[in-house]
$ cat structure_33.txt   # compact mmCIF, C-alpha atoms
# COMPACT_ATOMS: atom_id res chain seq x y z
CA MET A 1 38.37 31.11 210.81
CA ILE A 2 41.46 31.58 213.00
CA ARG A 3 39.33 33.21 215.70
CA ARG A 4 36.97 30.22 215.81
CA PHE A 5 39.94 27.85 215.86
CA LEU A 6 41.62 29.58 218.82
CA LEU A 7 38.42 29.88 220.84
CA ALA A 8 37.56 26.22 220.23
CA ILE A 9 40.95 25.08 221.51
CA LEU A 10 40.71 27.19 224.65
CA CYS A 11 37.09 26.37 225.42
CA CYS A 12 37.80 22.66 225.09
CA GLY A 13 39.91 22.88 228.25
CA ILE A 14 38.10 25.65 230.14
CA ALA A 15 34.69 24.02 230.00
CA THR A 16 35.87 21.05 232.07
CA ALA A 17 38.31 22.86 234.30
CA ALA A 18 37.34 23.50 237.92
CA PRO A 19 38.27 26.91 239.29
CA ALA A 20 41.26 27.03 241.59
CA GLN A 21 40.16 26.43 245.19
CA SER A 22 41.95 26.15 248.50
CA SER A 23 40.47 22.67 248.91
CA THR A 24 41.85 20.33 246.27
CA PRO A 25 42.04 16.52 246.11
CA ALA A 26 45.78 16.65 246.76
CA ASN A 27 45.43 19.12 249.63
CA ASP A 28 42.67 17.02 251.19
CA ALA A 29 44.86 13.91 250.97
CA VAL A 30 47.76 15.86 252.49
CA ARG A 31 45.59 16.93 255.43
CA GLU A 32 44.55 13.32 256.03
CA ALA A 33 48.16 12.18 255.82
CA GLU A 34 49.29 14.89 258.23
CA ALA A 35 46.64 13.80 260.73
CA ALA A 36 47.87 10.21 260.37
CA ALA A 37 51.46 11.34 260.90
CA ALA A 38 50.39 13.11 264.09
CA GLN A 39 48.80 9.85 265.26
CA LEU A 40 52.05 8.02 264.55
CA ARG A 41 54.11 10.54 266.49
CA ASP A 42 51.65 10.41 269.39
CA SER A 43 51.82 6.61 269.49
CA VAL A 44 55.61 6.57 269.50
CA GLY A 45 55.61 9.24 272.20
CA LYS A 46 53.60 6.97 274.51
CA LEU A 47 56.24 4.22 274.51
CA ALA A 48 57.94 5.51 277.67
CA GLU A 49 54.60 5.60 279.48
CA ALA A 50 53.81 2.05 278.33
CA VAL A 51 57.06 0.69 279.73
CA SER A 52 56.16 1.95 283.21
CA ALA A 53 52.44 1.05 283.05
CA ASP A 54 50.96 -1.42 285.55
CA ASP A 55 49.64 -3.52 282.69
CA GLN A 56 52.45 -3.35 280.15
CA VAL A 57 50.74 -5.76 277.78
CA THR A 58 47.70 -3.52 277.33
CA ALA A 59 49.78 -0.35 277.14
CA LEU A 60 52.27 -1.73 274.62
CA THR A 61 49.46 -3.25 272.55
CA ASP A 62 47.84 0.20 272.39
CA VAL A 63 51.14 1.76 271.28
CA ILE A 64 51.69 -0.79 268.50
CA ARG A 65 48.10 -0.81 267.30
CA GLY A 66 48.00 3.00 267.30
CA TYR A 67 51.19 3.07 265.25
CA GLU A 68 49.84 0.55 262.75
CA GLN A 69 46.53 2.38 262.42
CA GLY A 70 48.44 5.58 261.79
CA LEU A 71 50.52 3.80 259.16
CA SER A 72 47.37 2.54 257.46
CA ALA A 73 45.82 6.01 257.42
CA LEU A 74 49.08 7.54 256.18
CA ARG A 75 49.30 4.86 253.49
CA GLU A 76 45.84 5.80 252.24
CA GLY A 77 46.64 9.53 252.27
CA LEU A 78 49.85 8.94 250.34
CA ARG A 79 48.05 6.68 247.88
CA GLN A 80 45.40 9.32 247.16
CA ALA A 81 47.99 12.08 246.90
CA SER A 82 50.12 10.03 244.50
CA ALA A 83 47.07 9.23 242.38
CA ARG A 84 46.27 12.93 242.20
CA GLU A 85 49.85 13.74 241.24
CA ALA A 86 49.74 11.19 238.41
CA GLU A 87 46.42 12.62 237.21
CA LEU A 88 47.81 16.16 237.16
CA HIS A 89 50.96 15.08 235.33
CA THR A 90 48.87 13.36 232.67
CA ARG A 91 46.60 16.37 232.26
CA PHE A 92 49.52 18.77 232.21
CA GLU A 93 51.30 16.83 229.47
CA ALA A 94 48.11 16.58 227.42
CA GLU A 95 47.34 20.30 227.67
CA ARG A 96 50.89 21.53 227.24
CA ALA A 97 50.77 20.74 223.52
CA ARG A 98 47.38 22.42 223.14
CA LEU A 99 48.46 25.60 224.93
CA SER A 100 51.72 25.67 222.99
CA GLY A 101 49.62 25.75 219.82
CA VAL A 102 47.52 28.60 221.13
CA LEU A 103 50.54 30.63 222.22
CA GLY A 104 52.25 30.01 218.89
CA ALA A 105 49.24 31.19 216.93
CA MET A 106 48.88 34.32 219.06
CA THR A 107 52.56 35.14 218.74
CA ALA A 108 52.30 34.84 215.00
CA LEU A 109 49.34 37.22 214.94
CA GLN A 110 51.15 39.78 217.08
CA LYS A 111 54.52 39.69 215.33
CA SER A 112 53.54 39.00 211.75
CA PRO A 113 50.35 40.81 210.72
CA GLU A 114 51.25 40.06 207.13
CA THR A 115 50.43 36.42 207.92
CA THR A 116 46.89 37.54 208.48
CA LEU A 117 46.93 39.34 205.17
CA LEU A 118 47.95 36.11 203.47
CA LEU A 119 45.20 34.12 205.17
CA HIS A 120 42.60 36.87 204.78
CA PRO A 121 42.87 38.78 201.49
CA ALA A 122 40.61 41.44 203.03
CA GLY A 123 43.82 43.12 204.26
CA ALA A 124 43.05 45.82 206.85
CA LEU A 125 39.82 44.10 207.86
CA ALA A 126 41.79 40.96 208.73
CA ASN A 127 44.15 43.01 210.89
CA ALA A 128 41.18 44.41 212.77
CA ARG A 129 39.85 40.94 213.30
CA SER A 130 43.22 39.82 214.71
CA GLY A 131 42.83 42.44 217.44
CA MET A 132 39.38 41.07 218.23
CA ILE A 133 40.83 37.57 218.43
CA LEU A 134 43.46 38.65 220.96
CA SER A 135 40.89 40.40 223.17
CA ASP A 136 38.66 37.29 223.10
CA VAL A 137 41.27 34.68 223.93
CA THR A 138 43.45 36.56 226.46
CA PRO A 139 41.05 36.12 229.45
CA GLY A 140 40.68 32.44 228.64
CA LEU A 141 44.42 32.04 228.38
CA GLN A 142 44.86 33.73 231.76
CA THR A 143 42.36 31.31 233.32
CA GLU A 144 44.24 28.40 231.79
CA ALA A 145 47.55 29.69 233.14
CA GLU A 146 46.14 30.13 236.66
CA ARG A 147 44.66 26.63 236.64
CA LEU A 148 47.91 25.08 235.48
CA GLN A 149 49.77 27.00 238.17
CA ALA A 150 47.39 25.56 240.78
CA ASP A 151 48.00 22.08 239.39
CA LEU A 152 51.76 22.54 239.66
CA GLU A 153 51.38 23.76 243.24
CA GLU A 154 49.37 20.61 244.04
CA ILE A 155 52.18 18.45 242.65
CA SER A 156 54.70 20.37 244.74
CA THR A 157 52.56 19.85 247.85
CA VAL A 158 52.40 16.09 247.25
CA ARG A 159 56.16 15.87 246.76
CA ALA A 160 56.76 17.75 250.02
CA LEU A 161 54.37 15.40 251.84
CA GLN A 162 56.13 12.32 250.50
CA SER A 163 59.55 13.61 251.53
CA ALA A 164 58.40 14.55 255.04
CA ALA A 165 56.58 11.22 255.51
CA ALA A 166 59.64 9.20 254.52
CA GLU A 167 61.84 11.11 256.97
CA MET A 168 59.34 10.81 259.83
CA LEU A 169 58.72 7.08 259.30
CA GLY A 170 62.39 6.25 259.30
CA SER A 171 62.93 8.07 262.58
CA GLY A 172 60.00 6.32 264.32
CA LEU A 173 60.71 2.76 263.20
CA ALA A 174 63.13 1.91 266.01
CA SER A 175 60.55 2.87 268.64
CA VAL A 176 57.83 0.55 267.40
CA GLN A 177 60.34 -2.29 266.94
CA GLU A 178 61.31 -1.84 270.59
CA ALA A 179 57.62 -1.87 271.55
CA ARG A 180 57.16 -5.24 269.81
CA ARG A 181 60.18 -6.69 271.60
CA LEU A 182 58.92 -5.45 274.96
CA LEU A 183 55.42 -6.80 274.24
CA ALA A 184 56.70 -10.34 273.69
CA SER A 185 58.53 -10.16 277.02
CA ALA A 186 55.59 -8.59 278.86
CA VAL A 187 53.15 -11.27 277.70
CA THR A 188 55.49 -13.97 279.01
CA ASP A 189 55.74 -12.23 282.38
CA ARG A 190 52.03 -11.47 282.67
CA SER A 191 50.48 -13.17 285.70
CA THR A 192 46.99 -11.67 285.76
CA VAL A 193 45.38 -13.63 282.91
CA PRO A 194 42.44 -15.75 284.10
CA VAL A 195 42.43 -19.45 283.21
CA ARG A 196 39.30 -21.40 282.35
CA PHE A 197 40.72 -24.91 282.29
CA SER A 198 44.05 -26.62 282.62
CA GLU A 199 46.16 -27.66 279.68
CA ALA A 200 46.01 -31.27 278.53
CA PRO A 201 49.42 -31.56 276.82
CA GLN A 202 49.33 -35.30 276.15
CA GLU A 203 45.88 -35.18 274.59
CA LEU A 204 46.84 -32.17 272.46
CA GLN A 205 50.08 -33.83 271.38
CA LYS A 206 48.27 -37.00 270.27
CA LEU A 207 45.68 -34.95 268.44
CA ARG A 208 48.33 -32.89 266.65
CA ASP A 209 50.37 -35.95 265.66
CA ALA A 210 47.29 -37.69 264.25
CA ALA A 211 45.88 -34.69 262.38
CA GLN A 212 46.13 -34.86 258.61
CA SER A 213 44.71 -31.40 258.06
CA LEU A 214 43.76 -28.23 259.87
CA ASP A 215 40.12 -29.35 259.60
CA ASP A 216 40.90 -32.64 261.39
CA PHE A 217 42.76 -30.85 264.14
CA ALA A 218 40.06 -28.20 264.68
CA SER A 219 37.36 -30.87 264.85
CA GLY A 220 39.43 -32.74 267.40
CA ILE A 221 39.90 -29.62 269.51
CA GLU A 222 36.15 -29.04 269.48
CA SER A 223 35.47 -32.57 270.75
CA MET A 224 37.98 -32.42 273.60
CA GLU A 225 36.30 -32.42 276.99
CA SER A 226 37.00 -29.31 279.03
CA ASP A 227 35.44 -27.03 281.56
CA VAL A 228 33.67 -24.32 279.56
CA GLY A 229 33.82 -22.02 282.59
CA PRO A 230 31.54 -19.07 283.26
CA PRO A 231 29.14 -17.73 280.61
CA MET A 232 30.91 -15.79 277.89
CA ASP A 233 29.65 -12.67 276.12
CA ASP A 234 27.05 -13.09 273.37
CA PHE A 235 29.38 -14.03 270.52
CA ALA A 236 26.56 -15.09 268.17
CA GLY A 237 24.97 -11.67 268.68
CA ALA A 238 28.18 -10.01 267.50
CA GLN A 239 27.79 -11.40 263.98
CA GLY A 240 28.51 -8.69 261.44
CA SER A 241 30.33 -6.39 263.87
CA LEU A 242 33.65 -8.08 264.72
CA PRO A 243 36.82 -6.05 264.06
CA LEU A 244 39.51 -7.71 261.98
CA PRO A 245 42.43 -9.02 264.04
CA VAL A 246 45.12 -7.42 261.89
CA ILE A 247 45.66 -4.45 259.58
CA GLY A 248 46.03 -5.52 255.98
CA THR A 249 44.31 -6.46 252.73
CA VAL A 250 41.95 -9.41 252.23
CA LEU A 251 43.67 -11.20 249.36
CA ARG A 252 41.46 -14.25 249.06
CA PRO A 253 37.91 -14.47 250.39
CA TYR A 254 36.12 -17.55 251.70
CA ARG A 255 36.47 -20.59 249.42
CA GLN A 256 37.94 -18.61 246.55
CA PRO A 257 40.43 -20.91 244.78
CA ASP A 258 44.05 -19.86 244.59
CA ALA A 259 46.33 -20.16 241.55
CA ALA A 260 46.64 -23.92 242.17
CA GLY A 261 42.86 -24.33 242.43
CA VAL A 262 42.95 -24.93 246.20
CA GLU A 263 39.93 -23.61 248.10
CA ARG A 264 40.30 -22.69 251.76
CA PRO A 265 37.29 -22.19 254.06
CA GLY A 266 38.65 -18.94 255.43
CA TRP A 267 40.31 -15.65 254.54
CA ILE A 268 43.91 -14.97 253.57
CA ILE A 269 44.92 -11.47 254.68
CA ALA A 270 48.09 -9.77 253.45
CA THR A 271 49.84 -7.87 256.23
CA ALA A 272 52.96 -5.81 256.72
CA PRO A 273 56.00 -7.52 258.26
CA ALA A 274 55.79 -7.91 262.06
CA ALA A 275 52.13 -6.81 262.11
CA LEU A 276 50.30 -7.24 265.42
CA VAL A 277 47.43 -9.78 265.57
CA THR A 278 44.83 -9.28 268.30
CA ALA A 279 41.76 -11.10 269.59
CA PRO A 280 38.57 -9.70 268.03
CA TRP A 281 36.42 -11.04 270.91
CA PRO A 282 36.95 -12.37 274.45
CA ALA A 283 38.11 -15.95 274.01
CA THR A 284 39.92 -18.87 275.59
CA ILE A 285 43.12 -20.20 274.03
CA ARG A 286 42.55 -23.82 273.04
CA TYR A 287 45.79 -24.38 271.11
CA ARG A 288 49.00 -22.54 270.28
CA GLY A 289 52.02 -23.85 268.41
CA ASN A 290 53.21 -25.28 265.12
CA LEU A 291 50.82 -27.36 263.05
CA LEU A 292 51.49 -29.16 259.75
CA ASP A 293 52.65 -26.61 257.16
CA TYR A 294 50.67 -23.70 258.61
CA GLY A 295 53.49 -22.35 260.76
CA ASN A 296 52.42 -21.11 264.17
CA VAL A 297 48.70 -21.62 264.75
CA MET A 298 46.48 -20.08 267.42
CA ILE A 299 43.02 -21.55 268.05
CA VAL A 300 40.73 -19.67 270.43
CA GLU A 301 37.19 -20.33 271.64
CA PRO A 302 35.03 -17.17 271.73
CA ALA A 303 32.00 -19.12 272.91
CA GLN A 304 31.01 -22.75 273.37
CA GLY A 305 30.68 -24.36 269.94
CA TYR A 306 32.73 -21.71 268.10
CA LEU A 307 36.42 -21.64 267.22
CA LEU A 308 38.56 -18.92 265.65
CA ILE A 309 41.73 -20.14 263.92
CA PHE A 310 44.72 -17.96 263.08
CA ALA A 311 47.60 -19.46 261.09
CA GLY A 312 50.86 -18.19 259.67
CA LEU A 313 52.11 -16.17 262.64
CA SER A 314 55.79 -15.90 263.52
CA GLN A 315 55.19 -15.54 267.27
CA VAL A 316 52.18 -16.57 269.35
CA PHE A 317 51.43 -15.24 272.84
CA GLY A 318 49.77 -16.82 275.85
CA GLU A 319 49.18 -20.37 277.03
CA VAL A 320 46.41 -22.91 276.54
CA GLY A 321 43.58 -22.07 278.91
CA ASP A 322 44.31 -18.34 279.10
CA VAL A 323 41.23 -16.15 278.77
CA LEU A 324 41.87 -13.22 276.44
CA LYS A 325 40.03 -9.92 276.40
CA ALA A 326 38.96 -8.38 273.12
CA GLY A 327 41.99 -6.57 271.74
CA ASP A 328 44.54 -8.67 273.62
CA PRO A 329 47.61 -9.60 271.53
CA ILE A 330 47.60 -13.05 269.96
CA GLY A 331 50.95 -12.78 268.23
CA LEU A 332 53.10 -11.10 265.60
CA MET A 333 53.49 -11.79 261.90
CA GLY A 334 56.88 -12.67 260.45
CA GLY A 335 59.08 -10.89 257.96
CA SER A 336 61.37 -7.95 258.54
CA GLU A 337 61.07 -4.29 257.74
CA ALA A 338 63.70 -2.44 255.76
CA PRO A 339 66.39 -0.60 257.73
CA ALA A 340 65.28 2.75 259.12
CA GLN A 341 67.08 4.74 256.42
CA GLU A 342 65.15 2.81 253.73
CA PHE A 343 61.85 2.08 255.46
CA GLY A 344 60.24 5.48 254.90
CA ALA A 345 61.08 5.75 251.22
CA GLN A 346 59.95 2.16 250.60
CA PHE A 347 56.69 2.71 252.46
CA VAL A 348 55.94 5.83 250.37
CA ALA A 349 56.66 3.90 247.15
CA ASP A 350 54.46 0.97 248.25
CA ALA A 351 51.64 3.33 249.21
CA ALA A 352 51.73 4.89 245.75
CA ARG A 353 51.39 1.44 244.18
CA GLY A 354 48.40 0.60 246.40
CA LEU A 355 46.74 -2.78 246.85
CA ASP A 356 48.94 -5.19 248.84
CA ALA A 357 52.29 -3.63 247.91
CA GLY A 358 54.67 -3.97 250.85
CA ARG A 359 52.34 -6.37 252.64
CA THR A 360 54.49 -9.44 252.29
CA GLU A 361 53.07 -11.66 255.06
CA SER A 362 49.88 -13.77 254.98
CA LEU A 363 47.55 -14.47 257.90
CA TYR A 364 44.97 -17.23 257.50
CA LEU A 365 41.70 -16.63 259.38
CA GLU A 366 39.01 -19.30 259.79
CA LEU A 367 35.80 -19.29 261.82
CA ARG A 368 34.06 -22.55 262.75
CA GLN A 369 30.81 -23.52 264.44
CA GLY A 370 30.91 -27.17 265.38
CA ASP A 371 32.16 -29.08 262.34
CA GLU A 372 31.08 -26.34 259.90
CA THR A 373 33.14 -23.42 258.64
CA LEU A 374 31.52 -19.98 258.40
CA ASP A 375 32.17 -17.19 255.91
CA PRO A 376 34.10 -14.45 257.78
CA ALA A 377 32.42 -11.86 255.56
CA ASP A 378 29.21 -12.44 257.53
CA TRP A 379 30.97 -11.78 260.83
CA PHE A 380 33.76 -9.24 260.37
CA VAL A 381 33.63 -5.58 259.40
CA LEU A 382 35.76 -4.45 256.48
CA ASN A 383 36.84 -0.87 257.03
CA PRO A 384 39.64 1.53 256.01
CA ILE A 385 42.03 -0.40 258.28
CA VAL A 386 41.44 -3.76 256.62
CA GLU A 387 40.83 -3.36 252.91
CA PRO A 388 39.18 -5.72 250.44
CA GLN A 389 41.29 -6.71 247.47
CA GLU A 390 40.54 -4.50 244.45
CA ASN A 391 39.94 -6.28 241.18

$ encode --input "structure_33.txt" --output "structure tokens"
Amino acid sequence: MIRRFLLAILCCGIATAAPAQSSTPANDAVREAEAAAAQLRDSVGKLAEAVSADDQVTALTDVIRGYEQGLSALREGLRQASAREAELHTRFEAERARLSGVLGAMTALQKSPETTLLLHPAGALANARSGMILSDVTPGLQTEAERLQADLEEISTVRALQSAAAEMLGSGLASVQEARRLLASAVTDRSTVPVRFSEAPQELQKLRDAAQSLDDFASGIESMESDVGPPMDDFAGAQGSLPLPVIGTVLRPYRQPDAAGVERPGWIIATAPAALVTAPWPATIRYRGNLLDYGNVMIVEPAQGYLLIFAGLSQVFGEVGDVLKAGDPIGLMGGSEAPAQEFGAQFVADAARGLDAGRTESLYLELRQGDETLDPADWFVLNPIVEPQEN
């Protein structure tokens, strides 16, 4: 009876336990996070080169975007590692009680053979059976101990990763903040941007003053007469392949009502403070500046008849009529990061929580064709850099 009981307890855990391997979920996540950290260090290391580059805007944009992509990859690695750590803790706590029971029963058999005599009146036969029990369960117990040791080593690996990531992030924060400051200055000084048409400030001012909504204003922009310039790239043919303009999480899809029941014909994307927003396609700036309660708004024309609207930025770059290349900076989001000594630890904690934790800013993205709004989901690619909201 005791023999069956002990074997049943052990087999319950062994049957589902994977053998210890060099490749574990935590170790895989650590490798991904280490690769992301290397990308971050490489990006920060290129800052000096960017400052002396002929085209500082492009070079600085590459530095900032590389840093943010590295942060996103590191965030995902930390999230996976933290999830694995939580899973191992839960399993360890659940199995600790079971193994304690096994060890207690075996200790009793070894130290108190008279217990066996009480449970099994057969006397000597019961003692013989206790020896058989020990020989049966010892290999299983050894396997359990080795597996638990591997689990504890995984937890230790995750903790070391989190500590190293926090230290590295804090030390690199000042460099990317300097890159953002230099980018804003470099965009202002840039003199090589082509212009498709001249600004019409009075017409834009009247249109903005009369607009009652973003929809009114965008429709007015579309109807303004202007030189459409040389043929643009095939924007309509790019449907379904556009990169997102910012790294973040899609909080609210097209026409999904918010808590107040308000539907917006665009996406709301949660971003980190000071995140860089870039043009997903070559486009002409049709409007930049404050509008209603949207904060800073940037409206660009990727092709005749189409408009891309970005709202909620803290800074916007360029002037009306400038022709942007794909990947050119449009502006920066608002908010402020924690001080360097706190940034790393906070980032690690936010990554462990997942979803939009730490992404405190909101970018509104709208795509229009004529007077109609289009669902961005049909045009933009969701990838590991820009994540859909998990339900």

$ atom_distance --input "structure_33.txt" --atom1 "atom CA of A:Ile299" --atom2 "atom CA of A:Gln56"
23.8 Å

$ closest_residue --input "structure_33.txt" --among "A:Trp281, A:Trp267, A:Tyr254, A:Phe343" --to "A:Gly170" --atoms "only C-alpha atoms"
A:Phe343

$ residues_near_point --input "structure_33.txt" --point "(54.4, -9.2, 249.1)" --cutoff "12 Å" --atoms "only C-alpha atoms" --output "list of chain:residue names"
A:Gly248, A:Thr249, A:Leu251, A:Ile269, A:Ala270, A:Thr271, A:Ala272, A:Pro273, A:Gly335, A:Ser336, A:Glu337, A:Asp350, A:Gly354, A:Leu355, A:Asp356, A:Ala357, A:Gly358, A:Arg359, A:Thr360, A:Glu361, A:Ser362

$ closest_residue --input "structure_33.txt" --among "A:Ile247, A:Ile155, A:Ala279, A:Ala160" --to "A:Gly70" --atoms "only C-alpha atoms"
A:Ile247

$ atom_distance --input "structure_33.txt" --atom1 "atom CA of A:Gly220" --atom2 "atom CA of A:Leu307"
11.5 Å

$ closest_residue --input "structure_33.txt" --among "A:Ala33, A:Ile309, A:Leu374, A:Leu365" --to "A:Ala166" --atoms "only C-alpha atoms"
A:Ala33

$ closest_residue --input "structure_33.txt" --among "A:Arg31, A:Leu308, A:Ile64, A:Ala50" --to "A:Arg180" --atoms "all atoms listed in the file"
A:Ile64

$ closest_residue --input "structure_33.txt" --among "A:Met333, A:Ala236, A:Leu324, A:Ala29" --to "A:Gly295" --atoms "all atoms listed in the file"
A:Met333

$ atom_distance --input "structure_33.txt" --atom1 "atom CA of A:Trp379" --atom2 "atom CA of A:Ala238"
7.4 Å

$ build_atoms --input "structure_33.txt" --residues "stretch 330-347 of chain A" --atoms "N, CA and C atoms" --output "PDB file, keeping the file's coordinate frame"
ATOM      1  N   ILE A 330      47.514 -11.618 270.236  1.00  0.00           N
ATOM      2  CA  ILE A 330      47.600 -13.050 269.960  1.00  0.00           C
ATOM      3  C   ILE A 330      49.014 -13.406 269.498  1.00  0.00           C
ATOM      4  N   GLY A 331      49.614 -12.517 268.725  1.00  0.00           N
ATOM      5  CA  GLY A 331      50.950 -12.780 268.230  1.00  0.00           C
ATOM      6  C   GLY A 331      51.386 -11.736 267.228  1.00  0.00           C
ATOM      7  N   LEU A 332      52.528 -11.990 266.593  1.00  0.00           N
ATOM      8  CA  LEU A 332      53.100 -11.100 265.600  1.00  0.00           C
ATOM      9  C   LEU A 332      53.357 -11.874 264.310  1.00  0.00           C
ATOM     10  N   MET A 333      53.176 -11.190 263.183  1.00  0.00           N
ATOM     11  CA  MET A 333      53.490 -11.790 261.900  1.00  0.00           C
ATOM     12  C   MET A 333      55.000 -11.801 261.703  1.00  0.00           C
ATOM     13  N   GLY A 334      55.458 -12.567 260.719  1.00  0.00           N
ATOM     14  CA  GLY A 334      56.880 -12.670 260.450  1.00  0.00           C
ATOM     15  C   GLY A 334      57.360 -11.594 259.492  1.00  0.00           C
ATOM     16  N   GLY A 335      58.500 -11.853 258.888  1.00  0.00           N
ATOM     17  CA  GLY A 335      59.080 -10.890 257.960  1.00  0.00           C
ATOM     18  C   GLY A 335      59.878  -9.828 258.700  1.00  0.00           C
ATOM     19  N   SER A 336      60.572  -9.021 257.945  1.00  0.00           N
ATOM     20  CA  SER A 336      61.370  -7.950 258.540  1.00  0.00           C
ATOM     21  C   SER A 336      61.228  -6.687 257.709  1.00  0.00           C
ATOM     22  N   GLU A 337      61.152  -5.571 258.413  1.00  0.00           N
ATOM     23  CA  GLU A 337      61.070  -4.290 257.740  1.00  0.00           C
ATOM     24  C   GLU A 337      62.443  -3.866 257.236  1.00  0.00           C
ATOM     25  N   ALA A 338      62.437  -2.974 256.265  1.00  0.00           N
ATOM     26  CA  ALA A 338      63.700  -2.440 255.760  1.00  0.00           C
ATOM     27  C   ALA A 338      64.394  -1.645 256.859  1.00  0.00           C
ATOM     28  N   PRO A 339      65.691  -1.449 256.757  1.00  0.00           N
ATOM     29  CA  PRO A 339      66.390  -0.600 257.730  1.00  0.00           C
ATOM     30  C   PRO A 339      65.755   0.789 257.786  1.00  0.00           C
ATOM     31  N   ALA A 340      65.934   1.464 258.912  1.00  0.00           N
ATOM     32  CA  ALA A 340      65.280   2.750 259.120  1.00  0.00           C
ATOM     33  C   ALA A 340      65.526   3.735 257.987  1.00  0.00           C
ATOM     34  N   GLN A 341      66.755   3.773 257.468  1.00  0.00           N
ATOM     35  CA  GLN A 341      67.080   4.740 256.420  1.00  0.00           C
ATOM     36  C   GLN A 341      66.370   4.420 255.097  1.00  0.00           C
ATOM     37  N   GLU A 342      65.850   3.200 254.961  1.00  0.00           N
ATOM     38  CA  GLU A 342      65.150   2.810 253.730  1.00  0.00           C
ATOM     39  C   GLU A 342      63.648   2.649 253.941  1.00  0.00           C
ATOM     40  N   PHE A 343      63.239   2.419 255.186  1.00  0.00           N
ATOM     41  CA  PHE A 343      61.850   2.080 255.460  1.00  0.00           C
ATOM     42  C   PHE A 343      60.880   3.146 254.960  1.00  0.00           C
ATOM     43  N   GLY A 344      61.156   4.413 255.282  1.00  0.00           N
ATOM     44  CA  GLY A 344      60.240   5.480 254.900  1.00  0.00           C
ATOM     45  C   GLY A 344      60.044   5.594 253.407  1.00  0.00           C
ATOM     46  N   ALA A 345      61.162   5.622 252.674  1.00  0.00           N
ATOM     47  CA  ALA A 345      61.080   5.750 251.220  1.00  0.00           C
ATOM     48  C   ALA A 345      60.349   4.558 250.603  1.00  0.00           C
ATOM     49  N   GLN A 346      60.611   3.354 251.128  1.00  0.00           N
ATOM     50  CA  GLN A 346      59.950   2.160 250.600  1.00  0.00           C
ATOM     51  C   GLN A 346      58.468   2.182 250.897  1.00  0.00           C
ATOM     52  N   PHE A 347      58.104   2.634 252.097  1.00  0.00           N
ATOM     53  CA  PHE A 347      56.690   2.710 252.460  1.00  0.00           C
ATOM     54  C   PHE A 347      55.948   3.682 251.533  1.00  0.00           C
TER      55      PHE A 347
END
